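Here is the file work.txt (compact mmCIF, C-alpha atoms).
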```txt
# COMPACT_ATOMS: atom_id res chain seq x y z
CA MET A 1 18.17 72.72 -50.85
CA LEU A 2 16.74 70.38 -48.22
CA GLY A 3 19.92 70.77 -46.18
CA LEU A 4 19.59 74.55 -46.33
CA PHE A 5 16.01 74.34 -45.05
CA GLU A 6 17.13 72.03 -42.26
CA ALA A 7 19.95 74.43 -41.35
CA PHE A 8 17.35 77.17 -40.87
CA GLN A 9 15.23 74.74 -38.85
CA VAL A 10 12.43 74.59 -41.43
CA ASP A 11 10.63 71.25 -41.54
CA SER A 12 11.52 70.13 -45.07
CA ASN A 13 9.14 67.19 -44.83
CA GLU A 14 6.24 69.60 -45.24
CA LEU A 15 7.38 70.19 -48.84
CA PHE A 16 6.27 66.64 -49.64
CA GLY A 17 2.63 67.18 -48.69
CA ALA A 18 0.82 63.95 -47.83
CA TRP A 19 4.11 62.04 -48.04
CA SER A 20 5.49 64.02 -45.10
CA VAL A 21 4.22 61.39 -42.62
CA TYR A 22 6.86 59.01 -44.04
CA ASP A 23 9.73 61.43 -43.19
CA PRO A 24 11.02 61.65 -46.79
CA VAL A 25 13.92 63.96 -45.89
CA ALA A 26 15.41 61.32 -43.60
CA TRP A 27 15.06 58.71 -46.35
CA ILE A 28 16.66 61.01 -48.93
CA GLY A 29 19.53 61.61 -46.51
CA PHE A 30 19.87 57.89 -45.85
CA VAL A 31 19.98 57.05 -49.56
CA GLY A 32 22.47 59.89 -50.15
CA ALA A 33 24.68 58.61 -47.35
CA LEU A 34 24.61 55.09 -48.79
CA LEU A 35 25.48 56.49 -52.21
CA CYS A 36 28.47 58.41 -50.78
CA ILE A 37 29.68 55.33 -48.93
CA SER A 38 29.34 53.14 -52.03
CA VAL A 39 31.24 55.66 -54.19
CA TRP A 40 33.98 55.95 -51.57
CA VAL A 41 34.28 52.18 -51.06
CA GLY A 42 34.25 51.63 -54.83
CA GLN A 43 37.37 53.76 -55.37
CA PRO A 44 40.59 51.86 -56.08
CA LEU A 45 43.19 52.34 -53.35
CA ASN A 46 45.55 54.23 -55.66
CA SER A 47 42.84 56.38 -57.25
CA TRP A 48 43.91 59.59 -55.54
CA SER A 49 47.54 59.39 -56.64
CA VAL A 50 46.62 58.22 -60.13
CA ARG A 51 44.21 61.11 -60.69
CA PHE A 52 46.79 63.68 -59.68
CA SER A 53 49.70 62.15 -61.57
CA GLU A 54 47.86 62.23 -64.88
CA SER A 55 47.19 65.29 -66.95
CA ILE A 56 44.31 67.43 -65.78
CA SER A 57 41.17 67.04 -67.84
CA ILE A 58 37.50 67.68 -67.22
CA LYS A 59 36.91 63.92 -66.86
CA HIS A 60 39.59 63.61 -64.18
CA LEU A 61 38.36 66.76 -62.48
CA LYS A 62 34.81 65.39 -62.25
CA GLU A 63 36.07 62.04 -60.95
CA THR A 64 38.19 63.82 -58.37
CA VAL A 65 35.33 66.01 -57.19
CA VAL A 66 33.01 63.01 -56.83
CA ALA A 67 35.65 60.93 -55.05
CA GLU A 68 36.72 63.69 -52.66
CA THR A 69 33.13 64.72 -51.90
CA SER A 70 32.19 61.14 -51.07
CA PHE A 71 35.34 60.77 -48.92
CA ILE A 72 34.49 63.87 -46.88
CA SER A 73 30.82 62.86 -46.64
CA VAL A 74 31.79 59.43 -45.29
CA TRP A 75 33.94 61.05 -42.57
CA VAL A 76 31.07 63.37 -41.63
CA ILE A 77 28.70 60.40 -41.51
CA LEU A 78 31.17 58.48 -39.33
CA GLY A 79 31.50 61.48 -37.00
CA PHE A 80 27.75 61.77 -36.51
CA LEU A 81 27.32 58.02 -36.28
CA SER A 82 30.04 57.75 -33.63
CA TYR A 83 28.42 60.54 -31.65
CA GLU A 84 24.95 59.00 -31.85
CA ILE A 85 26.15 55.47 -31.06
CA LEU A 86 28.12 56.74 -28.07
CA ILE A 87 25.05 58.52 -26.71
CA TYR A 88 22.72 55.61 -27.43
CA ALA A 89 24.99 52.84 -26.13
CA THR A 90 26.17 54.54 -22.96
CA ASN A 91 23.22 56.76 -22.00
CA ILE A 92 25.75 59.47 -21.16
CA ASP A 93 24.20 62.69 -19.94
CA LEU A 94 26.30 65.08 -21.99
CA GLN A 95 24.96 68.07 -20.07
CA ALA A 96 26.41 66.56 -16.88
CA VAL A 97 29.72 65.87 -18.65
CA PHE A 98 30.28 69.30 -20.21
CA GLU A 99 28.70 71.62 -17.64
CA PRO A 100 31.43 71.25 -14.98
CA LEU A 101 34.19 71.85 -17.56
CA GLY A 102 33.57 75.59 -17.66
CA ALA A 103 36.64 77.30 -19.13
CA LEU A 104 38.33 73.94 -19.80
CA ALA A 105 35.76 73.38 -22.57
CA ILE A 106 37.68 75.95 -24.62
CA LEU A 107 40.95 74.05 -24.25
CA LEU A 108 39.18 70.80 -25.15
CA ALA A 109 37.63 72.44 -28.22
CA VAL A 110 41.06 73.66 -29.37
CA VAL A 111 42.53 70.17 -28.98
CA ILE A 112 39.62 68.73 -30.99
CA GLY A 113 40.43 71.36 -33.62
CA PHE A 114 43.83 69.75 -34.09
CA VAL A 115 42.24 66.55 -35.41
CA PRO A 116 42.42 66.56 -39.21
CA SER A 117 39.10 66.20 -41.01
CA CYS A 118 35.85 68.03 -40.61
CA GLY A 119 34.06 65.25 -38.70
CA PRO A 120 35.28 66.22 -35.21
CA GLN A 121 34.46 69.85 -35.91
CA ILE A 122 30.94 68.91 -36.98
CA VAL A 123 30.51 66.98 -33.73
CA THR A 124 31.77 70.06 -31.81
CA THR A 125 29.24 72.21 -33.67
CA THR A 126 26.53 69.68 -32.81
CA LEU A 127 27.50 70.00 -29.14
CA TYR A 128 27.23 73.78 -29.42
CA VAL A 129 23.89 73.71 -31.26
CA ASN A 130 22.52 71.39 -28.56
CA GLY A 131 23.63 73.86 -25.89
CA LEU A 132 26.26 71.56 -24.39
CA ILE A 133 29.29 73.78 -24.94
CA PRO A 134 29.44 77.59 -24.95
CA LEU A 135 29.91 79.79 -28.02
CA SER A 136 33.43 80.58 -26.81
CA ALA A 137 34.40 76.91 -27.18
CA GLN A 138 32.83 76.78 -30.63
CA LEU A 139 34.78 79.88 -31.68
CA ALA A 140 38.04 78.43 -30.35
CA ASN A 141 37.40 75.19 -32.22
CA ALA A 142 36.61 77.02 -35.46
CA ILE A 143 39.86 78.98 -35.24
CA SER A 144 42.08 76.04 -34.32
CA ASN A 145 40.85 73.53 -36.88
CA ASP A 146 42.38 73.00 -40.29
CA GLY A 147 39.72 70.53 -41.37
CA ASP A 148 40.48 68.42 -44.41
CA ALA A 149 43.17 70.84 -45.58
CA LEU A 150 45.52 69.33 -43.02
CA PHE A 151 45.69 65.99 -44.88
CA PRO A 152 47.61 67.23 -47.96
CA ALA A 153 49.70 69.54 -45.77
CA LEU A 154 50.75 66.57 -43.62
CA ALA A 155 51.58 64.58 -46.74
CA LEU A 156 53.65 67.32 -48.38
CA ALA A 157 55.31 69.04 -45.41
CA PRO A 158 54.49 67.29 -42.13
CA GLU A 159 56.72 69.41 -39.90
CA ALA A 160 55.37 72.69 -41.29
CA ALA A 161 51.80 71.38 -41.05
CA LEU A 162 52.22 70.44 -37.39
CA LYS A 163 53.81 73.82 -36.59
CA ALA A 164 51.01 75.71 -38.36
CA THR A 165 48.42 73.66 -36.49
CA ALA A 166 50.13 74.32 -33.16
CA PHE A 167 50.39 78.04 -33.92
CA SER A 168 46.65 78.18 -34.62
CA ALA A 169 46.11 77.36 -30.94
CA ILE A 170 47.39 80.78 -29.87
CA PRO A 171 44.63 82.92 -31.44
CA ALA A 172 42.08 80.16 -30.75
CA LEU A 173 42.79 80.20 -27.03
CA PHE A 174 43.03 84.00 -26.95
CA ILE A 175 39.68 84.56 -28.68
CA GLY A 176 38.06 81.63 -26.88
CA TYR A 177 38.94 82.88 -23.41
CA ILE A 178 38.03 86.49 -24.23
CA ALA A 179 34.64 85.28 -25.47
CA PHE A 180 34.25 83.09 -22.36
CA ASN A 181 34.99 86.05 -20.08
CA LEU A 182 32.40 88.09 -22.00
CA GLY A 183 29.85 85.43 -21.09
CA TRP A 184 29.70 83.75 -24.46
```

Take the structure from the file and write it as structure tokens.
Amino acid sequence: MLGLFEAFQVDSNELFGAWSVYDPVAWIGFVGALLCISVWVGQPLNSWSVRFSESISIKHLKETVVAETSFISVWVILGFLSYEILIYATNIDLQAVFEPLGALAILLAVVIGFVPSCGPQIVTTTLYVNGLIPLSAQLANAISNDGDALFPALALAPEAALKATAFSAIPALFIGYIAFNLGW
């Protein structure tokens, strides 16, 4: 619920009344991130294969959901953390980096879309929300990315997964450049 408020740019801290001065939403997020990391790190290395080789039961389903959710959360955290550390450590002016790209930003966004996982796509969305890349680049990235679904596809049929990913570039570039030419 707090995440939904934040997505609509509502200050969730105000829900905590007098406690809002302590930024409780950031602390809840921090504790949640630590919990996800600890669940992910606490998984045995063969846990994924073991869960799927055994018979399906509610217990295994719950364990799988918790493990996979923490895995994805850790990658999202790492994506944001990498972005923030890069900005903090290098003092890069991202506006100066992305502004001269113009139409090349769409091609870059499509290439980022090829990276499996949702972390790079979340960073791309962050760039868009901060006004650093145009909507056309965000659209192209959204079309070209397979997110976390690419991991099992690569494991089961790598050649087909790579072809499908490459083919997704065609509509991504087409829509991206149309949107760019429309001023988006």

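With distances taken over all atoms listed in the file, A:Pro134 is the one residue among A:Pro24, A:Gly183, A:Pro134, A:Gly42 lying closest to A:Pro100.
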
Go through A:Ser73, A:Phe80, A:Leu173, A:Leu182 and flag the residue nearest A:Leu35, using only C-alpha atoms for the distances.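 Selected residue with least distance to A:Leu35: A:Ser73.
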
Distance of atom CA of A:Tyr128 from atom CA of A:Ala179, expressed in Å to one decimal place: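 Atom CA of A:Ala179 sits 14.2 Å away from atom CA of A:Tyr128.
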
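Here atom CA of A:Asp23 is placed at a distance of 23.8 Å from atom CA of A:Ser70.
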
Nearest to A:Ile106: which of A:Cys36, A:Leu4, A:Leu86, A:Ala137 is it, counting only C-alpha atoms?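 Comparing A:Cys36, A:Leu4, A:Leu86, A:Ala137 against A:Ile106, the winner is A:Ala137.
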
Which polymer residues, whether protein, DNA or RNA, lie within 10 Å of the coordinate (34.9, 60.3, -44.4) when you count only C-alpha atoms? List them as a ChimeraX atom specification, using the chain letters and numbers from the file. /A:36-37,40,68-79,117-119,148

Could you please take those selected residues and save C-alpha atoms as a PDB file, in the coordinates of the input?
```
ATOM      1  CA  CYS A  36      28.470  58.410 -50.780  1.00  0.00           C
ATOM      2  CA  ILE A  37      29.680  55.330 -48.930  1.00  0.00           C
ATOM      3  CA  TRP A  40      33.980  55.950 -51.570  1.00  0.00           C
ATOM      4  CA  GLU A  68      36.720  63.690 -52.660  1.00  0.00           C
ATOM      5  CA  THR A  69      33.130  64.720 -51.900  1.00  0.00           C
ATOM      6  CA  SER A  70      32.190  61.140 -51.070  1.00  0.00           C
ATOM      7  CA  PHE A  71      35.340  60.770 -48.920  1.00  0.00           C
ATOM      8  CA  ILE A  72      34.490  63.870 -46.880  1.00  0.00           C
ATOM      9  CA  SER A  73      30.820  62.860 -46.640  1.00  0.00           C
ATOM     10  CA  VAL A  74      31.790  59.430 -45.290  1.00  0.00           C
ATOM     11  CA  TRP A  75      33.940  61.050 -42.570  1.00  0.00           C
ATOM     12  CA  VAL A  76      31.070  63.370 -41.630  1.00  0.00           C
ATOM     13  CA  ILE A  77      28.700  60.400 -41.510  1.00  0.00           C
ATOM     14  CA  LEU A  78      31.170  58.480 -39.330  1.00  0.00           C
ATOM     15  CA  GLY A  79      31.500  61.480 -37.000  1.00  0.00           C
ATOM     16  CA  SER A 117      39.100  66.200 -41.010  1.00  0.00           C
ATOM     17  CA  CYS A 118      35.850  68.030 -40.610  1.00  0.00           C
ATOM     18  CA  GLY A 119      34.060  65.250 -38.700  1.00  0.00           C
ATOM     19  CA  ASP A 148      40.480  68.420 -44.410  1.00  0.00           C
TER      20      ASP A 148
END
```
